[in-house]
file input.txt (compact mmCIF, C-alpha atoms)
# COMPACT_ATOMS: atom_id res chain seq x y z
CA MET A 503 -150.92 -12.37 23.99
CA GLU A 504 -148.02 -10.44 25.44
CA LYS A 505 -146.74 -11.42 28.86
CA VAL A 506 -144.09 -9.83 31.03
CA LEU A 507 -141.52 -11.65 33.15
CA ILE A 508 -140.57 -9.65 36.24
CA LYS A 509 -137.43 -10.72 38.07
CA PRO A 510 -136.61 -9.59 41.60
CA SER A 511 -134.66 -6.35 41.71
CA GLY A 512 -135.27 -3.01 43.42
CA ALA A 513 -136.14 0.57 42.58
CA ASN A 514 -133.43 3.22 42.58
CA GLY A 515 -132.94 6.15 40.23
CA SER A 516 -135.04 8.83 38.58
CA VAL A 517 -137.87 8.90 36.07
CA THR A 518 -139.83 11.63 34.28
CA MET A 519 -143.59 11.21 34.22
CA PRO A 520 -145.57 11.26 30.96
CA PRO A 521 -148.21 13.99 30.56
CA SER A 522 -151.37 13.63 32.61
CA LYS A 523 -154.05 11.68 30.79
CA SER A 524 -156.76 13.42 32.80
CA ALA A 525 -155.53 16.95 32.14
CA ALA A 526 -154.80 16.23 28.48
CA HIS A 527 -158.28 14.79 27.88
CA ARG A 528 -159.93 17.92 29.23
CA ALA A 529 -157.62 20.24 27.35
CA ILE A 530 -158.22 18.38 24.07
CA VAL A 531 -161.98 18.93 24.42
CA CYS A 532 -161.50 22.59 25.35
CA SER A 533 -159.13 23.19 22.43
CA PHE A 534 -161.64 21.58 20.06
CA LEU A 535 -164.46 23.78 21.36
CA ALA A 536 -162.19 26.83 21.10
CA GLY A 537 -161.53 26.07 17.46
CA GLY A 538 -157.75 26.06 17.75
CA GLY A 539 -154.66 25.96 19.92
CA ALA A 540 -152.15 23.19 20.54
CA VAL A 541 -152.25 20.73 23.44
CA SER A 542 -148.85 19.26 24.27
CA PRO A 543 -147.15 17.06 25.15
CA ILE A 544 -149.43 14.13 24.33
CA ILE A 545 -148.20 10.55 24.31
CA ASP A 546 -149.23 7.91 21.81
CA SER A 547 -151.51 5.99 24.17
CA LYS A 548 -154.81 4.40 23.22
CA ASP A 549 -156.76 6.81 25.42
CA MET A 550 -155.16 9.83 23.77
CA LEU A 551 -155.75 8.32 20.32
CA ALA A 552 -159.40 7.88 21.29
CA ALA A 553 -159.75 11.52 22.33
CA LEU A 554 -157.96 12.87 19.25
CA GLY A 555 -159.95 10.50 17.06
CA ALA A 556 -163.21 11.80 18.53
CA VAL A 557 -162.17 15.36 17.71
CA LYS A 558 -161.27 14.39 14.15
CA SER A 559 -164.57 12.55 13.69
CA LEU A 560 -166.56 15.58 14.84
CA GLN A 561 -164.52 17.99 12.73
CA ASN A 562 -165.09 15.84 9.64
CA ASN A 563 -168.79 15.29 10.39
CA GLU A 564 -168.24 11.54 10.50
CA LYS A 565 -171.15 9.43 11.66
CA THR A 566 -169.25 7.14 14.06
CA ILE A 567 -166.97 7.91 16.99
CA ASN A 568 -164.92 4.95 18.22
CA CYS A 569 -163.95 5.61 21.84
CA ILE A 570 -161.77 2.47 21.86
CA GLU A 571 -161.59 1.65 25.61
CA SER A 572 -161.62 5.21 26.94
CA GLY A 573 -164.33 6.03 29.46
CA ASN A 574 -163.21 9.67 29.50
CA THR A 575 -163.63 9.99 25.74
CA LEU A 576 -167.07 8.38 25.82
CA ARG A 577 -168.53 10.37 28.70
CA PHE A 578 -166.91 13.68 27.74
CA PHE A 579 -167.84 13.64 24.07
CA ILE A 580 -171.45 12.42 24.33
CA PRO A 581 -172.74 15.75 25.74
CA VAL A 582 -170.26 17.75 23.64
CA ALA A 583 -171.55 16.15 20.43
CA ALA A 584 -175.12 16.75 21.61
CA ALA A 585 -174.38 20.41 22.38
CA LEU A 586 -173.11 20.84 18.82
CA GLY A 587 -176.19 19.17 17.37
CA LYS A 588 -174.24 16.28 15.84
CA SER A 589 -175.94 13.09 14.68
CA VAL A 590 -173.37 10.44 15.60
CA THR A 591 -173.04 6.91 16.91
CA PHE A 592 -170.60 6.12 19.72
CA THR A 593 -168.88 2.73 19.76
CA GLY A 594 -166.17 1.16 21.90
CA GLU A 595 -163.98 -1.86 22.52
CA GLY A 596 -162.98 -4.13 25.38
CA ARG A 597 -165.04 -3.56 28.52
CA LEU A 598 -166.15 -0.06 27.50
CA PRO A 599 -169.55 -1.21 26.16
CA GLN A 600 -170.24 -2.66 29.64
CA ARG A 601 -169.41 0.54 31.54
CA PRO A 602 -172.32 2.70 32.74
CA ILE A 603 -173.88 5.36 30.48
CA GLY A 604 -177.36 5.16 31.95
CA GLU A 605 -177.35 8.69 33.36
CA TYR A 606 -177.04 10.12 29.85
CA LEU A 607 -179.71 7.77 28.50
CA LYS A 608 -182.17 9.21 31.03
CA LEU A 609 -180.99 12.81 31.00
CA LEU A 610 -180.35 13.82 27.40
CA PRO A 611 -183.86 13.07 26.07
CA LEU A 612 -185.18 15.55 28.65
CA HIS A 613 -183.10 18.25 26.96
CA GLY A 614 -183.88 17.88 23.27
CA VAL A 615 -181.65 14.96 22.28
CA GLU A 616 -182.92 11.74 20.78
CA VAL A 617 -180.92 8.78 22.09
CA LYS A 618 -180.97 5.29 20.64
CA SER A 619 -179.33 2.56 22.72
CA ALA A 620 -180.15 -0.84 24.11
CA GLY A 621 -178.66 0.29 27.42
CA ALA A 622 -175.03 0.19 26.33
CA LEU A 623 -172.88 0.90 23.29
CA PRO A 624 -173.48 1.50 20.47
CA LEU A 625 -175.29 4.74 21.34
CA SER A 626 -176.70 7.08 18.68
CA LEU A 627 -177.52 10.77 19.17
CA SER A 628 -179.53 13.26 17.13
CA GLY A 629 -180.92 16.69 17.91
CA ARG A 630 -179.33 19.59 19.78
CA LEU A 631 -178.87 19.73 23.53
CA GLN A 632 -180.93 22.44 25.27
CA SER A 633 -179.93 24.34 28.39
CA GLY A 634 -181.77 23.99 31.69
CA ASP A 635 -181.61 21.96 34.86
CA PHE A 636 -179.69 18.69 34.68
CA HIS A 637 -180.47 16.37 37.61
CA ILE A 638 -177.80 13.71 37.81
CA ARG A 639 -176.28 11.32 40.32
CA GLY A 640 -172.79 12.07 41.51
CA ASP A 641 -171.94 8.63 42.89
CA ILE A 642 -171.51 6.65 39.68
CA SER A 643 -168.77 8.51 37.82
CA SER A 644 -167.49 12.07 37.96
CA GLN A 645 -166.95 11.76 34.21
CA TYR A 646 -170.66 12.53 33.71
CA ILE A 647 -170.28 15.80 35.58
CA THR A 648 -167.14 16.69 33.64
CA GLY A 649 -168.87 15.94 30.33
CA LEU A 650 -171.69 18.33 31.18
CA LEU A 651 -169.32 21.01 32.49
CA LEU A 652 -167.45 20.91 29.16
CA ALA A 653 -170.58 21.00 26.99
CA LEU A 654 -173.02 23.33 28.74
CA PRO A 655 -171.03 26.60 28.39
CA VAL A 656 -171.61 26.66 24.60
CA LEU A 657 -175.41 26.42 24.89
CA SER A 658 -177.54 29.52 24.38
CA GLY A 659 -178.94 29.61 27.92
CA ASP A 660 -177.74 29.13 31.48
CA SER A 661 -177.76 25.66 33.03
CA ARG A 662 -177.64 24.05 36.43
CA ILE A 663 -176.12 20.67 37.24
CA ILE A 664 -178.12 19.44 40.21
CA LEU A 665 -176.52 16.52 42.03
CA THR A 666 -179.03 14.00 43.35
CA SER A 667 -176.44 12.04 45.34
CA LYS A 668 -173.04 12.64 46.86
CA LEU A 669 -170.32 13.51 44.36
CA LEU A 670 -167.49 10.97 44.33
CA SER A 671 -164.01 11.58 42.88
CA ARG A 672 -164.45 15.31 43.53
CA PRO A 673 -160.80 16.11 42.64
CA TYR A 674 -161.47 15.11 39.02
CA VAL A 675 -164.29 17.66 38.81
CA GLU A 676 -162.06 20.28 40.43
CA LEU A 677 -159.46 19.50 37.76
CA THR A 678 -162.15 20.10 35.12
CA LEU A 679 -163.08 23.45 36.63
CA GLY A 680 -159.42 24.42 36.62
CA VAL A 681 -158.89 23.53 32.97
CA LEU A 682 -162.11 25.35 32.02
CA GLY A 683 -160.74 28.42 33.77
CA ASP A 684 -157.50 28.10 31.82
CA TYR A 685 -159.62 28.39 28.65
CA GLY A 686 -161.57 31.41 29.95
CA VAL A 687 -164.77 29.48 30.71
CA GLU A 688 -166.72 29.89 33.94
CA ALA A 689 -168.62 27.27 35.93
CA ARG A 690 -169.44 27.88 39.58
CA GLU A 691 -169.86 25.35 42.37
CA THR A 692 -173.06 25.86 44.36
CA ASP A 693 -174.90 24.21 47.21
CA TYR A 694 -176.87 22.10 44.70
CA GLY A 695 -174.04 21.30 42.31
CA TYR A 696 -172.82 23.66 39.59
CA PHE A 697 -174.10 26.74 37.77
CA VAL A 698 -172.92 27.06 34.16
CA PRO A 699 -173.60 30.32 32.28
CA GLY A 700 -174.44 29.89 28.60
CA ASN A 701 -173.16 31.72 25.51
CA GLN A 702 -169.53 31.35 26.56
CA LYS A 703 -166.55 31.20 24.21
CA TYR A 704 -163.55 28.97 24.79
CA ALA A 705 -160.32 30.94 24.38
CA VAL A 706 -157.84 29.82 21.74
CA ARG A 707 -154.53 29.08 23.47
CA ASP A 708 -151.64 26.65 23.54
CA TYR A 709 -151.85 24.35 26.53
CA THR A 710 -148.96 22.60 28.27
CA VAL A 711 -149.99 19.35 29.98
CA GLU A 712 -148.46 18.63 33.38
CA GLY A 713 -147.04 15.27 34.44
CA ASP A 714 -149.31 12.39 35.48
CA TRP A 715 -149.71 11.78 39.21
CA SER A 716 -151.75 8.59 38.77
CA HIS A 717 -148.77 6.99 37.01
CA ALA A 718 -146.34 8.42 39.55
CA ALA A 719 -148.15 6.34 42.18
CA PHE A 720 -146.58 3.12 40.85
CA PHE A 721 -143.04 4.48 41.18
CA MET A 722 -143.83 5.93 44.60
CA SER A 723 -145.00 2.46 45.62
CA ALA A 724 -141.83 0.84 44.26
CA ALA A 725 -139.68 3.31 46.18
CA ALA A 726 -141.68 3.02 49.41
CA ILE A 727 -141.37 -0.77 49.46
CA GLY A 728 -137.61 -0.94 49.12
CA GLY A 729 -135.76 1.79 47.26
CA SER A 730 -135.41 5.46 46.44
CA VAL A 731 -136.91 7.03 43.32
CA THR A 732 -136.95 10.66 42.21
CA ILE A 733 -139.92 11.45 39.99
CA LYS A 734 -139.61 14.46 37.72
CA GLY A 735 -142.05 16.52 35.67
CA LEU A 736 -144.71 16.88 38.36
CA ARG A 737 -146.35 19.96 39.85
CA ALA A 738 -146.52 20.48 43.60
CA ASP A 739 -149.59 22.69 43.03
CA SER A 740 -151.31 20.17 40.76
CA ARG A 741 -155.10 19.97 40.67
CA GLN A 742 -154.87 16.20 40.09
CA GLY A 743 -156.43 14.31 42.97
CA ASP A 744 -153.86 11.51 42.72
CA MET A 745 -151.22 13.87 44.04
CA ALA A 746 -152.56 12.51 47.34
CA VAL A 747 -150.14 9.61 46.78
CA CYS A 748 -147.53 11.71 48.60
CA ASP A 749 -149.61 11.73 51.77
CA VAL A 750 -150.61 8.08 51.32
CA MET A 751 -147.00 6.90 51.12
CA ARG A 752 -146.12 9.03 54.15
CA ARG A 753 -148.94 7.33 56.03
CA PHE A 754 -147.43 3.95 55.17
CA GLY A 755 -144.16 5.26 56.63
CA ALA A 756 -142.11 6.20 53.56
CA GLN A 757 -140.13 9.43 53.29
CA VAL A 758 -141.42 11.88 50.67
CA ALA A 759 -139.62 15.15 49.89
CA TRP A 760 -139.82 17.83 47.19
CA ASN A 761 -136.95 19.47 45.33
CA GLY A 762 -138.28 21.93 42.76
CA SER A 763 -140.47 20.04 40.27
CA ALA A 764 -139.21 16.63 41.43
CA VAL A 765 -140.40 14.51 44.33
CA THR A 766 -138.31 11.78 45.94
CA CYS A 767 -139.78 8.81 47.78
CA ARG A 768 -137.55 6.63 49.99
CA ALA A 769 -138.24 3.35 51.71
CA GLU A 770 -138.67 3.10 55.44
CA LYS A 771 -140.36 0.51 57.64
CA LEU A 772 -143.96 0.36 56.38
CA SER A 773 -147.07 -0.17 58.46
CA GLY A 774 -150.57 -0.95 57.26
CA ILE A 775 -153.13 1.84 56.96
CA ASP A 776 -156.89 2.32 56.86
CA ILE A 777 -157.75 4.48 53.85
CA ASP A 778 -160.87 5.76 52.10
CA CYS A 779 -160.25 5.74 48.34
CA GLU A 780 -163.53 7.46 47.44
CA ASP A 781 -161.70 10.36 45.76
CA ILE A 782 -158.61 8.45 44.62
CA THR A 783 -159.89 5.15 43.21
CA ASP A 784 -157.20 4.96 40.49
CA MET A 785 -154.56 4.76 43.21
CA ALA A 786 -156.04 1.65 44.83
CA PRO A 787 -153.92 -0.90 42.89
CA ALA A 788 -150.68 0.85 43.93
CA ILE A 789 -151.91 1.16 47.50
CA ALA A 790 -152.87 -2.53 47.63
CA VAL A 791 -149.47 -3.67 46.38
CA THR A 792 -147.69 -1.43 48.90
CA ALA A 793 -149.87 -2.94 51.63
CA ALA A 794 -148.60 -6.43 50.80
CA PHE A 795 -145.12 -5.35 51.94
CA ALA A 796 -146.20 -3.39 55.04
CA LYS A 797 -146.40 -4.70 58.58
CA GLY A 798 -149.95 -5.23 59.72
CA ARG A 799 -153.37 -5.00 58.12
CA THR A 800 -154.41 -2.46 55.49
CA VAL A 801 -158.07 -1.63 54.89
CA ILE A 802 -159.14 -0.01 51.61
CA ARG A 803 -162.64 1.51 51.65
CA GLY A 804 -164.88 3.56 49.38
CA ALA A 805 -163.71 1.88 46.20
CA SER A 806 -166.84 0.16 44.85
CA ARG A 807 -166.53 2.00 41.51
CA LEU A 808 -163.37 0.01 40.84
CA ARG A 809 -165.66 -2.84 39.82
CA LEU A 810 -166.69 -0.80 36.76
CA LYS A 811 -163.25 -0.02 35.36
CA GLU A 812 -161.28 -1.82 32.63
CA SER A 813 -161.63 -4.83 34.91
CA ASP A 814 -163.33 -5.46 38.21
CA ARG A 815 -160.24 -4.08 39.91
CA LEU A 816 -161.15 -5.14 43.41
CA ALA A 817 -161.55 -8.75 42.28
CA ALA A 818 -158.40 -8.53 40.14
CA ILE A 819 -156.28 -7.17 42.99
CA ALA A 820 -157.61 -9.79 45.40
CA HIS A 821 -156.95 -12.62 42.92
CA ASN A 822 -153.32 -11.65 42.34
CA LEU A 823 -152.45 -10.79 45.94
CA ARG A 824 -153.71 -14.18 47.09
CA LEU A 825 -151.50 -15.89 44.51
CA MET A 826 -148.56 -13.96 45.96
CA GLY A 827 -149.37 -15.20 49.47
CA ALA A 828 -151.36 -12.33 50.99
CA GLY A 829 -154.56 -12.77 52.92
CA VAL A 830 -157.32 -10.77 51.26
CA ASP A 831 -160.92 -10.23 52.32
CA GLU A 832 -162.77 -8.82 49.31
CA ARG A 833 -165.67 -6.57 50.25
CA GLU A 834 -168.24 -4.79 48.11
CA ASP A 835 -166.46 -1.44 48.39
CA GLY A 836 -162.91 -2.43 49.21
CA LEU A 837 -160.32 -4.87 50.47
CA VAL A 838 -158.81 -5.99 53.75
CA ILE A 839 -155.19 -7.01 53.14
CA ASP A 840 -153.06 -9.01 55.54
CA PRO A 841 -149.49 -9.18 54.24
CA PRO A 842 -147.70 -12.53 54.06
CA ALA A 843 -144.47 -13.28 55.85
CA GLU A 844 -142.93 -13.34 52.39
CA VAL A 845 -144.41 -12.13 49.10
CA ARG A 846 -143.75 -14.79 46.51
CA GLY A 847 -143.52 -14.59 42.73
CA ALA A 848 -146.40 -16.14 40.83
CA GLU A 849 -148.21 -16.52 37.51
CA LEU A 850 -150.58 -13.55 37.62
CA ARG A 851 -153.39 -12.22 35.47
CA GLY A 852 -153.32 -8.73 34.02
CA PHE A 853 -157.07 -8.77 33.33
CA ASN A 854 -156.43 -6.59 30.26
CA ASP A 855 -156.13 -3.68 32.70
CA HIS A 856 -153.19 -1.32 32.51
CA ARG A 857 -153.26 -0.39 36.20
CA ILE A 858 -153.34 -4.03 37.33
CA VAL A 859 -150.32 -4.87 35.13
CA MET A 860 -148.33 -1.85 36.35
CA ALA A 861 -149.15 -2.40 40.03
CA PHE A 862 -148.19 -6.08 40.02
CA SER A 863 -145.02 -5.37 38.09
CA VAL A 864 -144.01 -3.39 41.18
CA ALA A 865 -145.02 -6.33 43.40
CA GLY A 866 -142.93 -8.68 41.28
CA MET A 867 -139.93 -6.39 41.72
CA TYR A 868 -139.79 -7.29 45.43
CA ALA A 869 -141.26 -10.80 45.42
CA LYS A 870 -139.21 -13.91 46.08
CA GLY A 871 -138.90 -15.64 42.74
CA ASP A 872 -140.03 -14.69 39.27
CA THR A 873 -143.43 -13.21 38.46
CA VAL A 874 -145.20 -13.51 35.11
CA ILE A 875 -148.17 -11.28 34.23
CA ASP A 876 -150.34 -11.75 31.16
CA ASP A 877 -152.04 -8.99 29.11
CA ALA A 878 -148.85 -6.94 29.41
CA GLY A 879 -149.76 -5.01 26.28
CA SER A 880 -152.65 -3.37 28.13
CA ILE A 881 -150.27 -0.67 29.37
CA ALA A 882 -150.59 0.88 25.89
CA LYS A 883 -153.96 2.24 27.00
CA THR A 884 -152.35 5.04 29.03
CA TYR A 885 -148.58 4.49 29.45
CA PRO A 886 -146.90 2.67 26.53
CA ALA A 887 -143.41 3.45 27.87
CA PHE A 888 -144.06 2.07 31.35
CA PHE A 889 -141.67 -0.88 31.11
CA ASP A 890 -138.92 1.36 29.70
CA ASP A 891 -139.27 3.64 32.72
CA PHE A 892 -139.60 0.63 35.03
CA ARG A 893 -136.23 -0.63 33.78
CA ALA A 894 -134.73 2.86 34.09
CA VAL A 895 -135.15 2.75 37.87
CA GLY A 896 -133.75 -0.78 38.17
CA GLY A 897 -136.68 -3.01 37.37
CA LYS A 898 -136.13 -6.21 35.41
CA ALA A 899 -138.93 -6.72 32.90
CA ASP A 900 -138.90 -8.94 29.82
CA VAL A 901 -141.98 -8.57 27.61
CA PHE A 902 -142.58 -11.55 25.35
CA ASN A 903 -145.24 -12.92 23.06
CA ALA A 904 -146.88 -16.00 24.51
CA GLY A 905 -148.63 -16.88 21.25
call {"tool": "encode", "arguments": {"input": "input.txt", "output": "structure tokens"}}
result
Amino acid sequence: MEKVLIKPSGANGSVTMPPSKSAAHRAIVCSFLAGGGAVSPIIDSKDMLAALGAVKSLQNNEKTINCIESGNTLRFFIPVAAALGKSVTFTGEGRLPQRPIGEYLKLLPLHGVEVKSAGALPLSLSGRLQSGDFHIRGDISSQYITGLLLALPVLSGDSRIILTSKLLSRPYVELTLGVLGDYGVEARETDYGYFVPGNQKYAVRDYTVEGDWSHAAFFMSAAAIGGSVTIKGLRADSRQGDMAVCDVMRRFGAQVAWNGSAVTCRAEKLSGIDIDCEDITDMAPAIAVTAAFAKGRTVIRGASRLRLKESDRLAAIAHNLRLMGAGVDEREDGLVIDPPAEVRGAELRGFNDHRIVMAFSVAGMYAKGDTVIDDAGSIAKTYPAFFDDFRAVGGKADVFNAG
């Protein structure tokens, strides 16, 4: 197992963000359905390898698609494979087989697809998806909605996605609609959900992937706590919901300013906030770590879906913050964080979760004493170069093999 030793330091300098995982995933599917066109840049992360591997498997008519640990790949490609009439089996690794796919298990058989599964992965499909009305919950994962939005345009008839509960993580669906539009595909939001015309053709084009706001959140947190970091390669008009990190850090009290395609975050006196993370759940680890260094209580709400990620992120955050001295009340849908007088270094768990490792690397940067985090290699899922960039802004990180 790889561990990382974080020594106290501070964050000052500049860093360029890797391409957005969320935008790249959607563009890879669209490019595949278009039958051509490059998607770039793409980093060599496990999630991107999963998406590209799924494309290759479908192109080669392979019988198995290994989604590795990528929830996006799994939930995007299940309906896409069904729309193309592919007979395939989806597999996965890590916690992916435990993550929900029940909506597809109920829905796809109603539309011409035979599904074989014991309730989790492996999942086997056969038959061709038929157009029509797709009744689906919106409060489990927006990835279901995105998967259908990507697949339904190629069917022979029109379809409706009818939401049976409130849609959570709406910005991710809005990102999907934007990328679909970039490829010349139409899907319209309605009062019941979404209307998707059939018989559409994805346009062949080369697609440039914007920088990743969800990863920028960790460097914004590092700057807000005690430094100044300029983050390059981002779009001020981004459709990514995690661009909300700018407003979140301002609410904590940090200074945030734009200069062209770069945003600079500077530390100021931080105060606790009350925040609903319903639409920005991926930002919760960075928000929680920032809260540990703010004055006063922070309340994180609307984050129950974090329990279904690569780890139970609410439990993971609470576990590590307590070890660093913070008071944490763990609730079903969030956390109440009371910062300690002094955040102390500790032996922390990474929970094999990239966002937990990255967030607590930032905490270790400002803790008193050294911090060691296990499962450091989990960053390879989305951001293999994280520790290189962490060091580039002044962080002190030593990754070692613990045997």
call {"tool": "residues_around", "arguments": {"input": "input.txt", "residues": "Leu609 of chain A", "least_positions_apart": "3", "cutoff": "8 Å", "atoms": "only C-alpha atoms", "output": "PyMOL selection string"}}
result
chain A and resi 605-606+612-613+636-638
call {"tool": "write_last_selection", "arguments": {"input": "input.txt", "atoms": "C-alpha atoms", "output": "PDB file, in the coordinates of the input"}}
result
ATOM      1  CA  GLU A 605    -177.350   8.690  33.360  1.00  0.00           C
ATOM      2  CA  TYR A 606    -177.040  10.120  29.850  1.00  0.00           C
ATOM      3  CA  LEU A 612    -185.180  15.550  28.650  1.00  0.00           C
ATOM      4  CA  HIS A 613    -183.100  18.250  26.960  1.00  0.00           C
ATOM      5  CA  PHE A 636    -179.690  18.690  34.680  1.00  0.00           C
ATOM      6  CA  HIS A 637    -180.470  16.370  37.610  1.00  0.00           C
ATOM      7  CA  ILE A 638    -177.800  13.710  37.810  1.00  0.00           C
TER       8      ILE A 638
END
call {"tool": "residues_around", "arguments": {"input": "input.txt", "residues": "Leu654 of chain A", "least_positions_apart": "4", "cutoff": "8 Å", "atoms": "only C-alpha atoms", "output": "PDB file with C-alpha atoms, keeping the file's coordinate frame"}}
result
ATOM      1  CA  ALA A 585    -174.380  20.410  22.380  1.00  0.00           C
ATOM      2  CA  SER A 633    -179.930  24.340  28.390  1.00  0.00           C
ATOM      3  CA  LEU A 650    -171.690  18.330  31.180  1.00  0.00           C
ATOM      4  CA  ASP A 660    -177.740  29.130  31.480  1.00  0.00           C
ATOM      5  CA  SER A 661    -177.760  25.660  33.030  1.00  0.00           C
ATOM      6  CA  VAL A 698    -172.920  27.060  34.160  1.00  0.00           C
ATOM      7  CA  PRO A 699    -173.600  30.320  32.280  1.00  0.00           C
ATOM      8  CA  GLY A 700    -174.440  29.890  28.600  1.00  0.00           C
TER       9      GLY A 700
END
call {"tool": "atom_distance", "arguments": {"input": "input.txt", "atom1": "atom CA of Asn822 of chain A", "atom2": "atom CA of Ser880 of chain A"}}
result
16.5 Å
call {"tool": "residues_around", "arguments": {"input": "input.txt", "residues": "Met751 of chain A", "least_positions_apart": "6", "cutoff": "12 Å", "atoms": "all atoms listed in the file", "output": "PyMOL selection string"}}
result
chain A and resi 718-727+744-745+757-759+766-775+777+785+788-793+796
call {"tool": "closest_residue", "arguments": {"input": "input.txt", "among": "A:Asn854, A:Phe892, A:Gly614, A:Met826", "to": "Gly871 of chain A", "atoms": "only C-alpha atoms"}}
result
A:Met826
call {"tool": "residues_around", "arguments": {"input": "input.txt", "residues": "segment 901-905 of chain A", "least_positions_apart": "5", "cutoff": "7 Å", "atoms": "all atoms listed in the file", "output": "list in words"}}
result
Met503, Glu504, Lys505, Val506 and Leu507 of chain A
call {"tool": "write_last_selection", "arguments": {"input": "input.txt", "atoms": "C-alpha atoms", "output": "short mmCIF file (atom, residue, chain, number, x, y, z; two decimals), keeping the file's coordinate frame"}}
result
data_model
loop_
_atom_site.label_atom_id
_atom_site.label_comp_id
_atom_site.auth_asym_id
_atom_site.auth_seq_id
_atom_site.Cartn_x
_atom_site.Cartn_y
_atom_site.Cartn_z
CA MET A 503 -150.92 -12.37 23.99
CA GLU A 504 -148.02 -10.44 25.44
CA LYS A 505 -146.74 -11.42 28.86
CA VAL A 506 -144.09 -9.83 31.03
CA LEU A 507 -141.52 -11.65 33.15
#
call {"tool": "atom_distance", "arguments": {"input": "input.txt", "atom1": "atom CA of Gly538 of chain A", "atom2": "atom CA of Leu560 of chain A"}}
result
14.0 Å
call {"tool": "closest_residue", "arguments": {"input": "input.txt", "among": "A:Ala794, A:Leu576, A:Leu810, A:Ala622", "to": "Val838 of chain A", "atoms": "all atoms listed in the file"}}
result
A:Ala794
call {"tool": "residues_around", "arguments": {"input": "input.txt", "residues": "segment 734-740 of chain A", "least_positions_apart": "3", "cutoff": "10 Å", "atoms": "all atoms listed in the file", "output": "list in words"}}
result
Ser516, Val517, Thr518, Met519, Pro520, Pro521, Ser522, Leu677, Glu712, Gly713, Asp714, Trp715, Ala718, Val731, Gly743, Asp744, Met745, Trp760, Asn761, Gly762, Ser763, Ala764, Val765 and Thr766 of chain A
call {"tool": "closest_residue", "arguments": {"input": "input.txt", "among": "A:Leu850, A:Ala843, A:Val711, A:Met550", "to": "Ala882 of chain A", "atoms": "only C-alpha atoms"}}
result
A:Met550
call {"tool": "residues_near_point", "arguments": {"input": "input.txt", "point": "(-177.8, 20.1, 19.2)", "cutoff": "9 Å", "atoms": "only C-alpha atoms", "output": "ChimeraX atom specification"}}
result
/A:583-589,614-615,628-632,657
call {"tool": "decode", "arguments": {"input": "input.txt", "residues": "segment 739-761 of chain A", "atoms": "C-alpha atoms", "output": "PDB file, in the first residue's frame"}}
result
ATOM      1  CA  ASP A 739     -18.370  30.373 -18.259  1.00  0.00           C
ATOM      2  CA  SER A 740     -18.022  26.680 -17.425  1.00  0.00           C
ATOM      3  CA  ARG A 741     -21.107  24.466 -17.240  1.00  0.00           C
ATOM      4  CA  GLN A 742     -19.462  22.435 -14.456  1.00  0.00           C
ATOM      5  CA  GLY A 743     -21.429  22.729 -11.247  1.00  0.00           C
ATOM      6  CA  ASP A 744     -18.277  22.639  -9.125  1.00  0.00           C
ATOM      7  CA  MET A 745     -17.381  26.098 -10.379  1.00  0.00           C
ATOM      8  CA  ALA A 746     -19.530  27.046  -7.372  1.00  0.00           C
ATOM      9  CA  VAL A 747     -16.328  26.613  -5.331  1.00  0.00           C
ATOM     10  CA  CYS A 748     -15.598  30.277  -6.094  1.00  0.00           C
ATOM     11  CA  ASP A 749     -18.744  31.383  -4.280  1.00  0.00           C
ATOM     12  CA  VAL A 750     -18.224  28.831  -1.501  1.00  0.00           C
ATOM     13  CA  MET A 751     -14.729  30.096  -0.709  1.00  0.00           C
ATOM     14  CA  ARG A 752     -15.996  33.685  -0.779  1.00  0.00           C
ATOM     15  CA  ARG A 753     -18.651  32.679   1.734  1.00  0.00           C
ATOM     16  CA  PHE A 754     -15.926  31.325   4.020  1.00  0.00           C
ATOM     17  CA  GLY A 755     -14.239  34.728   3.698  1.00  0.00           C
ATOM     18  CA  ALA A 756     -11.462  34.126   1.155  1.00  0.00           C
ATOM     19  CA  GLN A 757     -10.710  36.506  -1.705  1.00  0.00           C
ATOM     20  CA  VAL A 758     -11.428  35.120  -5.179  1.00  0.00           C
ATOM     21  CA  ALA A 759     -10.606  37.070  -8.350  1.00  0.00           C
ATOM     22  CA  TRP A 760     -10.440  36.310 -12.084  1.00  0.00           C
ATOM     23  CA  ASN A 761      -7.734  37.325 -14.540  1.00  0.00           C
TER      24      ASN A 761
END
